[in-house]
$ cat structure07.txt   # compact mmCIF, C-alpha atoms
# COMPACT_ATOMS: atom_id res chain seq x y z
CA MET A 23 14.69 46.22 69.62
CA ILE A 24 17.23 48.50 71.20
CA SER A 25 20.03 47.25 68.97
CA ASP A 26 17.77 47.82 65.98
CA PHE A 27 17.13 51.33 67.18
CA LEU A 28 20.81 52.01 67.66
CA GLU A 29 21.60 50.61 64.26
CA ARG A 30 19.06 52.86 62.61
CA LEU A 31 20.33 55.74 64.64
CA PHE A 32 23.95 55.44 63.69
CA LEU A 33 24.08 53.50 60.47
CA GLY A 34 20.90 54.46 58.73
CA GLN A 35 19.06 51.92 56.60
CA ASP A 36 21.12 49.37 54.79
CA ASP A 37 18.83 49.12 51.76
CA THR A 38 19.51 51.43 48.89
CA THR A 39 17.24 54.40 49.14
CA SER A 40 15.03 55.74 46.36
CA ARG A 41 17.35 58.75 46.32
CA ASP A 42 20.31 56.52 45.42
CA ASN A 43 18.18 54.79 42.79
CA VAL A 44 17.17 57.98 41.07
CA LYS A 45 20.72 59.31 41.07
CA SER A 46 22.22 56.24 39.45
CA ARG A 47 19.39 56.01 36.91
CA LEU A 48 19.82 59.67 35.99
CA LYS A 49 23.58 59.38 35.60
CA ILE A 50 23.24 56.50 33.15
CA VAL A 51 20.47 58.09 31.11
CA LEU A 52 22.28 61.44 30.94
CA ALA A 53 25.55 59.86 29.78
CA GLN A 54 23.60 58.31 26.89
CA ASP A 55 21.66 61.53 26.17
CA ARG A 56 24.79 63.64 26.14
CA ALA A 57 26.87 61.30 24.02
CA ASN A 58 24.24 60.71 21.35
CA LEU A 59 26.54 58.22 19.61
CA SER A 60 25.17 54.99 18.21
CA PRO A 61 26.74 51.68 19.26
CA GLU A 62 27.67 51.01 15.60
CA MET A 63 29.55 54.32 15.36
CA MET A 64 31.24 53.61 18.65
CA GLU A 65 32.34 50.16 17.48
CA ALA A 66 33.61 51.49 14.14
CA MET A 67 35.57 54.19 15.93
CA ARG A 68 37.02 51.67 18.35
CA ARG A 69 38.14 49.43 15.48
CA GLU A 70 39.84 52.25 13.61
CA ILE A 71 41.60 53.62 16.66
CA VAL A 72 42.93 50.18 17.53
CA GLU A 73 44.00 49.73 13.91
CA VAL A 74 45.98 52.98 13.82
CA VAL A 75 47.57 52.56 17.20
CA SER A 76 48.58 48.96 16.52
CA ARG A 77 50.63 50.08 13.52
CA TYR A 78 53.03 51.64 16.00
CA VAL A 79 52.72 49.56 19.13
CA GLU A 80 51.52 46.14 20.04
CA ILE A 81 48.35 46.38 22.10
CA ASP A 82 47.18 44.02 24.74
CA THR A 83 43.73 43.18 23.39
CA GLU A 84 42.62 41.66 26.67
CA GLY A 85 42.89 44.93 28.55
CA LEU A 86 41.25 47.15 25.91
CA ASN A 87 38.73 49.55 27.31
CA PHE A 88 36.65 52.19 25.53
CA CYS A 89 33.96 54.21 27.20
CA LEU A 90 32.23 57.56 27.11
CA GLU A 91 32.23 59.54 30.29
CA SER A 92 30.56 62.83 30.96
CA ASP A 93 31.75 65.00 33.73
CA GLN A 94 31.16 68.70 34.34
CA ARG A 95 29.19 69.01 31.09
CA ALA A 96 32.07 67.76 28.92
CA THR A 97 31.91 64.38 27.27
CA ALA A 98 35.18 62.53 26.90
CA LEU A 99 36.13 59.33 25.15
CA ILE A 100 38.27 57.40 27.57
CA ALA A 101 40.32 54.75 25.82
CA ASN A 102 42.64 52.55 27.74
CA LEU A 103 45.01 50.68 25.43
CA PRO A 104 47.59 48.72 27.38
CA ILE A 105 50.80 48.54 25.33
CA ARG A 106 52.74 45.31 25.14
CA ARG A 107 55.63 46.35 22.98
CA ILE A 108 56.79 49.30 20.95
CA LYS A 109 57.37 48.45 17.32
CA LEU A 110 60.70 49.18 15.74
CA GLU A 111 59.12 51.05 12.88
CA PRO A 112 55.50 51.64 11.96
CA ASP A 113 53.69 49.13 9.83
CA PRO A 114 52.93 50.33 6.32
CA LYS A 115 49.63 52.11 5.99
CA PRO A 116 46.89 49.75 4.88
CA LEU A 117 45.74 50.08 1.30
CA ALA A 118 42.53 51.88 0.52
CA ASP A 119 40.47 48.70 0.36
CA THR A 120 38.40 48.38 3.49
CA ASP A 121 36.97 44.95 2.81
CA THR A 122 39.18 43.40 5.42
CA PRO A 123 40.23 46.12 7.81
CA GLY A 124 43.14 45.29 10.04
CA LEU A 125 41.03 44.08 12.89
CA ASP A 126 43.77 42.06 14.42
CA PRO A 127 45.85 44.29 16.62
CA GLN A 128 48.26 41.44 17.24
CA LEU A 129 50.42 42.42 14.29
CA GLU A 130 54.05 42.02 15.02
CA LEU A 131 57.19 42.83 13.12
CA PRO A 132 59.20 39.69 12.56
CA GLY A 133 62.47 41.19 13.75
CA MET A 134 61.17 42.45 17.06
CA SER A 135 63.46 41.67 19.94
CA ALA A 136 63.20 42.02 23.66
CA SER A 137 65.87 44.67 23.95
CA GLU A 138 63.93 47.12 21.84
CA SER A 139 60.78 46.66 23.82
CA SER A 140 62.52 47.37 27.07
CA ARG A 141 63.33 50.87 25.90
CA GLY A 142 59.69 51.78 25.76
CA PHE A 143 56.72 50.31 27.50
CA SER A 144 57.25 46.85 28.84
CA ASP A 145 54.77 44.15 29.73
CA ASP A 146 54.97 44.80 33.41
CA SER A 147 54.18 48.50 33.24
CA SER A 148 51.78 48.77 36.15
CA SER A 149 49.65 51.65 34.86
CA PRO A 150 49.02 51.63 31.12
CA PRO A 151 48.59 55.14 29.74
CA ASP A 152 45.17 56.56 29.03
CA ILE A 153 44.37 58.17 25.73
CA ASP A 154 41.92 60.95 26.31
CA LEU A 155 40.23 62.13 23.12
CA SER A 156 37.88 64.80 24.27
CA LEU A 157 34.86 65.16 22.03
CA MET B 25 21.20 98.38 27.85
CA GLY B 26 19.17 95.92 29.87
CA ARG B 27 19.92 92.27 30.46
CA ILE B 28 17.85 89.67 28.63
CA ILE B 29 17.25 86.57 30.75
CA VAL B 30 15.20 83.58 29.64
CA ILE B 31 13.53 81.36 32.23
CA THR B 32 13.29 77.84 30.87
CA SER B 33 13.12 74.19 31.96
CA GLY B 34 12.28 71.77 29.16
CA LYS B 35 9.64 69.98 31.22
CA GLY B 36 6.32 71.65 31.87
CA GLY B 37 4.82 72.33 35.27
CA VAL B 38 8.05 72.79 37.20
CA GLY B 39 7.46 76.45 37.98
CA LYS B 40 8.83 78.53 35.10
CA THR B 41 5.95 80.98 35.00
CA THR B 42 5.76 81.25 38.79
CA CYS B 43 9.48 82.02 38.88
CA SER B 44 9.17 84.54 36.03
CA ALA B 45 6.31 86.40 37.71
CA ASN B 46 7.98 86.47 41.12
CA LEU B 47 11.47 87.32 39.92
CA GLY B 48 10.06 90.12 37.77
CA MET B 49 8.19 91.52 40.77
CA ALA B 50 11.17 91.06 43.09
CA LEU B 51 13.54 92.85 40.71
CA ALA B 52 11.02 95.67 40.31
CA LYS B 53 10.82 95.92 44.11
CA LEU B 54 14.59 96.34 44.13
CA ASN B 55 14.05 99.48 42.03
CA HIS B 56 14.92 98.07 38.64
CA SER B 57 12.73 98.56 35.62
CA VAL B 58 11.53 95.17 34.39
CA ALA B 59 9.78 93.97 31.25
CA LEU B 60 8.31 90.45 31.33
CA ILE B 61 7.74 88.79 27.97
CA ASP B 62 5.34 85.87 27.81
CA ALA B 63 6.77 83.69 25.04
CA ASP B 64 4.17 80.96 25.48
CA PHE B 65 2.02 81.77 22.45
CA GLY B 66 -1.27 79.92 22.49
CA LEU B 67 -0.98 78.93 26.16
CA ARG B 68 -0.27 82.18 27.92
CA ASN B 69 -0.43 82.20 31.71
CA LEU B 70 1.94 84.87 32.94
CA ASP B 71 -0.85 87.48 32.87
CA LEU B 72 -2.88 85.30 35.26
CA LEU B 73 -0.07 84.84 37.77
CA LEU B 74 0.51 88.57 37.79
CA GLY B 75 -3.21 89.28 38.12
CA LEU B 76 -3.14 91.38 34.95
CA GLU B 77 -5.41 89.23 32.76
CA ASN B 78 -8.21 91.80 32.64
CA ARG B 79 -5.97 94.54 31.38
CA VAL B 80 -4.51 92.81 28.33
CA VAL B 81 -5.55 94.73 25.21
CA TYR B 82 -2.88 94.11 22.61
CA THR B 83 -0.34 91.30 22.45
CA ALA B 84 3.11 90.81 20.96
CA LEU B 85 1.45 89.60 17.77
CA GLU B 86 -0.32 92.92 17.11
CA VAL B 87 2.96 94.75 17.69
CA LEU B 88 4.70 92.55 15.12
CA ALA B 89 1.84 92.99 12.67
CA GLY B 90 2.17 96.76 12.99
CA GLN B 91 -1.35 97.11 14.40
CA CYS B 92 -0.14 98.89 17.52
CA ARG B 93 3.00 100.37 18.99
CA LEU B 94 5.11 98.29 21.38
CA GLU B 95 4.32 100.67 24.18
CA GLN B 96 0.57 100.26 23.70
CA ALA B 97 0.84 96.50 24.13
CA LEU B 98 2.78 96.72 27.40
CA VAL B 99 0.53 96.15 30.43
CA LYS B 100 1.72 98.28 33.32
CA ASP B 101 1.48 96.89 36.81
CA LYS B 102 -0.38 99.18 39.21
CA ARG B 103 1.34 97.83 42.33
CA LEU B 104 4.86 98.40 41.05
CA ASN B 105 5.56 101.24 38.67
CA ASP B 106 8.56 99.74 37.00
CA LEU B 107 7.04 96.45 35.88
CA VAL B 108 5.42 95.83 32.52
CA LEU B 109 4.15 92.69 30.79
CA LEU B 110 4.23 92.03 27.08
CA PRO B 111 1.46 89.41 26.73
CA ALA B 112 1.51 86.55 24.25
CA ALA B 113 -1.34 86.00 21.84
CA GLN B 114 -3.76 83.37 23.07
CA ASN B 115 -5.54 82.61 19.80
CA ARG B 116 -2.47 81.69 17.75
CA ASN B 117 0.03 78.87 18.03
CA LYS B 118 3.75 78.93 18.69
CA ASP B 119 4.67 79.18 15.02
CA ALA B 120 3.03 82.60 14.83
CA VAL B 121 6.35 84.34 15.51
CA THR B 122 9.94 83.78 14.45
CA PRO B 123 13.15 83.93 16.50
CA GLU B 124 14.11 87.05 14.53
CA GLN B 125 10.89 88.80 15.58
CA MET B 126 11.39 87.85 19.21
CA LYS B 127 14.87 89.34 19.03
CA GLN B 128 13.42 92.61 17.69
CA LEU B 129 10.94 92.83 20.55
CA ALA B 130 13.47 91.96 23.26
CA TYR B 131 16.16 94.30 21.94
CA ALA B 132 13.65 97.15 21.71
CA LEU B 133 12.71 96.58 25.36
CA THR B 134 16.33 96.56 26.56
CA LYS B 135 16.59 100.22 25.55
CA LYS B 136 14.15 101.21 28.28
CA TYR B 137 14.21 98.40 30.83
CA ASP B 138 17.03 97.14 33.07
CA TYR B 139 15.80 93.55 32.91
CA VAL B 140 13.91 91.78 30.15
CA LEU B 141 12.70 88.42 31.49
CA ILE B 142 11.37 85.92 28.95
CA ASP B 143 9.01 83.21 30.18
CA CYS B 144 9.76 80.23 27.94
CA PRO B 145 7.14 77.61 27.01
CA ALA B 146 7.71 73.94 27.84
CA GLY B 147 9.32 71.73 25.24
CA ILE B 148 12.23 72.34 22.89
CA GLU B 149 10.38 73.14 19.68
CA MET B 150 9.62 76.44 17.97
CA GLY B 151 8.34 78.22 21.08
CA PHE B 152 11.57 77.38 22.89
CA GLN B 153 13.70 78.49 19.93
CA ASN B 154 11.82 81.81 19.88
CA ALA B 155 12.20 82.35 23.61
CA ILE B 156 15.95 81.75 23.73
CA ALA B 157 16.82 83.58 20.49
CA ALA B 158 17.43 86.93 22.13
CA ALA B 159 18.68 85.77 25.53
CA ASP B 160 22.19 86.35 26.85
CA GLU B 161 21.48 84.54 30.08
CA ALA B 162 19.28 81.68 31.17
CA LEU B 163 17.74 80.49 34.40
CA ILE B 164 17.00 76.77 34.37
CA VAL B 165 14.14 75.80 36.65
CA THR B 166 13.98 72.17 37.70
CA THR B 167 12.48 70.05 40.45
CA PRO B 168 14.30 67.16 42.17
CA GLU B 169 12.59 64.57 39.95
CA ILE B 170 14.17 62.35 37.35
CA SER B 171 12.16 63.60 34.38
CA ALA B 172 12.62 67.28 35.21
CA VAL B 173 16.37 66.88 35.67
CA ARG B 174 16.75 64.95 32.44
CA ASP B 175 14.86 67.60 30.47
CA ALA B 176 16.85 70.34 32.17
CA ASP B 177 20.06 68.66 31.08
CA ARG B 178 18.85 68.54 27.49
CA VAL B 179 17.93 72.22 27.61
CA VAL B 180 21.34 73.16 29.03
CA GLY B 181 22.93 71.38 26.07
CA LEU B 182 20.73 73.28 23.61
CA LEU B 183 21.44 76.63 25.31
CA GLU B 184 25.17 75.98 25.13
CA ALA B 185 24.80 75.17 21.44
CA HIS B 186 23.05 78.54 21.00
CA HIS B 187 25.92 80.29 22.74
CA VAL B 188 23.97 81.33 25.80
CA LYS B 189 26.99 81.71 28.06
CA THR B 190 25.53 82.36 31.50
CA ILE B 191 23.31 79.52 32.68
CA ASN B 192 22.19 79.28 36.30
CA LEU B 193 20.11 76.69 38.11
CA ILE B 194 17.01 77.11 40.27
CA VAL B 195 15.94 73.97 42.13
CA ASN B 196 12.24 74.30 42.86
CA ARG B 197 9.86 72.34 45.11
CA ILE B 198 12.43 70.89 47.46
CA ARG B 199 10.87 68.91 50.32
CA PRO B 200 13.52 68.87 53.05
CA ALA B 201 11.81 66.12 55.08
CA MET B 202 11.87 63.80 52.04
CA VAL B 203 15.52 64.62 51.39
CA GLN B 204 16.33 63.82 55.00
CA ALA B 205 14.56 60.48 54.61
CA ASN B 206 16.59 59.81 51.44
CA ASP B 207 13.44 59.76 49.36
CA MET B 208 14.25 62.81 47.26
CA MET B 209 17.38 64.13 45.57
CA SER B 210 18.96 66.99 47.46
CA VAL B 211 19.83 70.32 45.86
CA HIS B 212 23.43 69.21 45.93
CA ASP B 213 22.58 65.98 44.07
CA VAL B 214 20.75 67.86 41.32
CA GLN B 215 23.46 70.49 41.00
CA GLU B 216 26.18 67.87 40.86
CA ILE B 217 24.39 65.99 38.08
CA LEU B 218 23.60 69.07 35.96
CA ALA B 219 26.96 70.74 36.68
CA ILE B 220 25.81 74.33 36.27
CA PRO B 221 26.04 77.07 38.92
CA LEU B 222 23.24 77.22 41.47
CA ILE B 223 21.40 80.51 41.90
CA GLY B 224 18.36 79.49 43.95
CA ILE B 225 16.64 76.90 46.11
CA ILE B 226 12.87 77.15 46.53
CA PRO B 227 11.04 74.90 49.00
CA ASP B 228 7.74 73.25 48.10
CA ASP B 229 5.13 75.65 49.46
CA GLU B 230 1.33 75.63 49.47
CA GLN B 231 1.39 79.40 49.58
CA VAL B 232 2.39 79.37 45.90
CA ILE B 233 -1.07 78.03 45.01
CA VAL B 234 -2.77 80.60 47.23
CA ALA B 235 -0.77 83.36 45.59
CA THR B 236 -1.68 82.05 42.14
CA ASN B 237 -5.37 81.96 43.11
CA ARG B 238 -5.22 85.61 44.04
CA GLY B 239 -3.06 86.72 41.13
CA GLU B 240 -0.67 88.25 43.58
CA PRO B 241 2.91 86.94 43.42
CA LEU B 242 4.41 85.74 46.70
CA VAL B 243 7.10 88.38 46.80
CA LEU B 244 4.41 91.08 47.03
CA SER B 245 2.54 89.39 49.85
CA ASP B 246 2.81 90.78 53.35
CA ASN B 247 2.68 87.30 54.82
CA PHE B 248 6.04 85.74 55.39
CA SER B 249 6.70 82.65 53.31
CA LEU B 250 9.91 80.72 52.92
CA SER B 251 9.41 80.42 49.17
CA GLY B 252 8.83 84.17 48.90
CA VAL B 253 12.11 84.83 50.70
CA ALA B 254 13.87 82.30 48.47
CA LEU B 255 12.61 84.11 45.37
CA GLN B 256 13.66 87.52 46.69
CA ASN B 257 17.11 86.09 47.40
CA ILE B 258 17.35 84.87 43.80
CA ALA B 259 16.50 88.36 42.55
CA GLN B 260 19.34 89.78 44.65
CA ARG B 261 21.75 87.15 43.32
CA ILE B 262 20.71 88.13 39.78
CA GLU B 263 21.72 91.67 40.72
CA GLY B 264 25.13 90.26 41.61
CA LYS B 265 24.84 90.29 45.39
CA ASP B 266 26.33 87.45 47.38
CA ILE B 267 23.44 86.10 49.45
CA ASP B 268 23.66 82.89 51.47
CA PHE B 269 21.29 80.07 50.54
CA LEU B 270 18.43 79.29 52.92
CA ASP B 271 19.08 76.37 55.25
CA LEU B 272 15.94 74.35 54.58
CA ASP B 273 17.20 71.38 56.55
CA ALA B 274 17.29 73.21 59.87
CA PRO B 275 13.81 72.22 61.15
CA TYR B 276 14.51 68.57 60.34
CA ASP B 277 18.02 68.52 61.71
CA THR B 278 17.64 66.57 64.91
CA ILE B 279 20.54 65.64 67.14
CA PHE B 280 20.21 62.05 65.84
CA SER B 281 20.51 62.93 62.18
CA ARG B 282 23.51 65.10 62.99
CA LEU B 283 25.16 62.25 64.87
CA ARG B 284 24.40 59.88 62.03
CA ARG B 285 25.94 62.23 59.48
CA PHE B 286 28.94 62.69 61.73
CA PHE B 287 29.58 58.96 61.95
CA LYS B 288 28.98 58.39 58.26
CA LYS B 289 31.77 60.78 57.29
$ encode --input "structure07.txt" --output "structure tokens"
Amino acid sequence: MISDFLERLFLGQDDTTSRDNVKSRLKIVLAQDRANLSPEMMEAMRREIVEVVSRYVEIDTEGLNFCLESDQRATALIANLPIRRIKLEPDPKPLADTDTPGLDPQLELPGMSASESSRGFSDDSSSPPDIDLSL
Amino acid sequence: MGRIIVITSGKGGVGKTTCSANLGMALAKLNHSVALIDADFGLRNLDLLLGLENRVVYTALEVLAGQCRLEQALVKDKRLNDLVLLPAAQNRNKDAVTPEQMKQLAYALTKKYDYVLIDCPAGIEMGFQNAIAAADEALIVTTPEISAVRDADRVVGLLEAHHVKTINLIVNRIRPAMVQANDMMSVHDVQEILAIPLIGIIPDDEQVIVATNRGEPLVLSDNFSLSGVALQNIAQRIEGKDIDFLDLDAPYDTIFSRLRRFFKK
């Protein structure tokens, strides 16, 4: 009884309050309202960005992360593309046909060697760079 | 040239018209000349809150139709010399006027009045478009409820798209005891989510209903009310004065809740 009282006194309730509920619900619904971007559009954009970037660098597909964040009334696309290796020279641009877009970011130049990669980003880079494309 | 300020919210019933009436009165009490425009065509209420419903002869619609001069349509308040109301038509719907016409009316009023306050209807359709067309500044009224905050956010987005640069937030109907019990969002929560500057905090107050019954806005009443003071403070902040916000938590701030907050930090 007394311990319960003390706990309430100093720690407050442990359950999430309705105030916390409403705040988290609002934040989610507002991020969607503000972005107003369909999942299909988002997926198409993600594919094309990965396609372009992987012409120049080799991306770690496991660690890919795309999300929309809204903060201080500005919506930003936060894309985290961990880079495995820098390519020696960019892959040729894909031809106009979009039947089979270059979905596979694991493209690799045959002559790629370890020494070149060490000049740029290496596998063990602890914090992969963020690409911030503000909308 | 006067300032044109629209009072809007998105959601209905959060206190737009009450704020419009009281802020108009409060600014007039501070010796500014004020014109209030009721932009809620078809559902006008501002005349009731001001207690001027019996003196409405012409409305904005007759002015636009050329049936009377603008000055004839303005209802002058007898309690405060510098306050006039341009009533909305009650028998027509919101499509009766265009944004261009609202601009004409508001610009004409800025020549004579320091402040032109536009009471916006709920929603984001034609009536809203009309109300914001002429505005340089906006006051967003919201309550600490999920639906009101969501609608307010939508309206802020639309105002920004219409190049209304100055947007300030009024959080209405705060219940400090519920905030203390973590059963209501605090002013800080709402402001953080909407991310626009705060200009006023108004506590939930039964006196608002009494004032509405009498047609006598709170800021005119001789009786002290916390919400009346809050509204007068907002008027002074609109003038540009730096006034501290009311500490609504004080009566609920026991030694225990202070200790708890201290240890939580």
$ interface_residues --input "structure07.txt" --of "chain B" --to "chain A" --cutoff "6 Å" --atoms "only C-alpha atoms" --output "PyMOL selection string"
chain B and resi 206-209+219+284
$ residues_around --input "structure07.txt" --residues "stretch 64-66 of chain A" --least-positions-apart "4" --cutoff "12 Å" --atoms "all atoms listed in the file" --output "PyMOL selection string"
chain A and resi 57-60+70-73+87-90+99-101+123+125
$ atom_distance --input "structure07.txt" --atom1 "atom CA of B:Glu86" --atom2 "atom CA of B:Phe152"
20.4 Å
$ atom_distance --input "structure07.txt" --atom1 "atom CA of B:His187" --atom2 "atom CA of B:Tyr139"
19.5 Å
$ axis_aligned_box --input "structure07.txt" --around "stretch 102-117 of chain B" --padding-each-side "5 Å" --output "AutoDock Vina command-line options"
--center_x 1.5 --center_y 90.1 --center_z 30.0 --size_x 24.1 --size_y 32.4 --size_z 34.6
$ residues_near_point --input "structure07.txt" --point "(19.7, 97.6, 24.8)" --cutoff "6 Å" --atoms "all atoms listed in the file" --output "ChimeraX atom specification"
/B:25-26,131,134-135
$ write_last_selection --input "structure07.txt" --atoms "C-alpha atoms" --output "PDB file, keeping the file's coordinate frame"
ATOM      1  CA  MET B  25      21.200  98.380  27.850  1.00  0.00           C
ATOM      2  CA  GLY B  26      19.170  95.920  29.870  1.00  0.00           C
ATOM      3  CA  TYR B 131      16.160  94.300  21.940  1.00  0.00           C
ATOM      4  CA  THR B 134      16.330  96.560  26.560  1.00  0.00           C
ATOM      5  CA  LYS B 135      16.590 100.220  25.550  1.00  0.00           C
TER       6      LYS B 135
END
$ closest_residue --input "structure07.txt" --among "B:Gln260, B:Thr122, B:Gly75, B:Val195" --to "B:Leu222" --atoms "all atoms listed in the file"
B:Val195
$ atom_distance --input "structure07.txt" --atom1 "atom CA of B:Ala97" --atom2 "atom CA of B:Pro145"
20.1 Å
$ residues_around --input "structure07.txt" --residues "B:Leu73" --least-positions-apart "4" --cutoff "9 Å" --atoms "all atoms listed in the file" --output "ChimeraX atom specification"
/B:41-42,45-46,69,77,235-241
$ closest_residue --input "structure07.txt" --among "B:Arg103, B:Lys35, B:His186, B:Lys136" --to "B:Ala59" --atoms "only C-alpha atoms"
B:Lys136
$ residues_around --input "structure07.txt" --residues "B:Cys43" --least-positions-apart "6" --cutoff "12 Å" --atoms "only C-alpha atoms" --output "ChimeraX atom specification"
/B:30-33,37,49-51,60,70,73-74,141-144,163-166,193-197,224-226,232,236,241-243,251-252,254-256,258-259
$ residues_around --input "structure07.txt" --residues "A:Pro112" --least-positions-apart "6" --cutoff "9 Å" --atoms "all atoms listed in the file" --output "list in words"
Ser76, Arg77, Tyr78 and Val79 of chain A
$ closest_residue --input "structure07.txt" --among "B:Ala146, B:Ala63, B:Ala274, B:Val188" --to "B:Ala172" --atoms "all atoms listed in the file"
B:Ala146
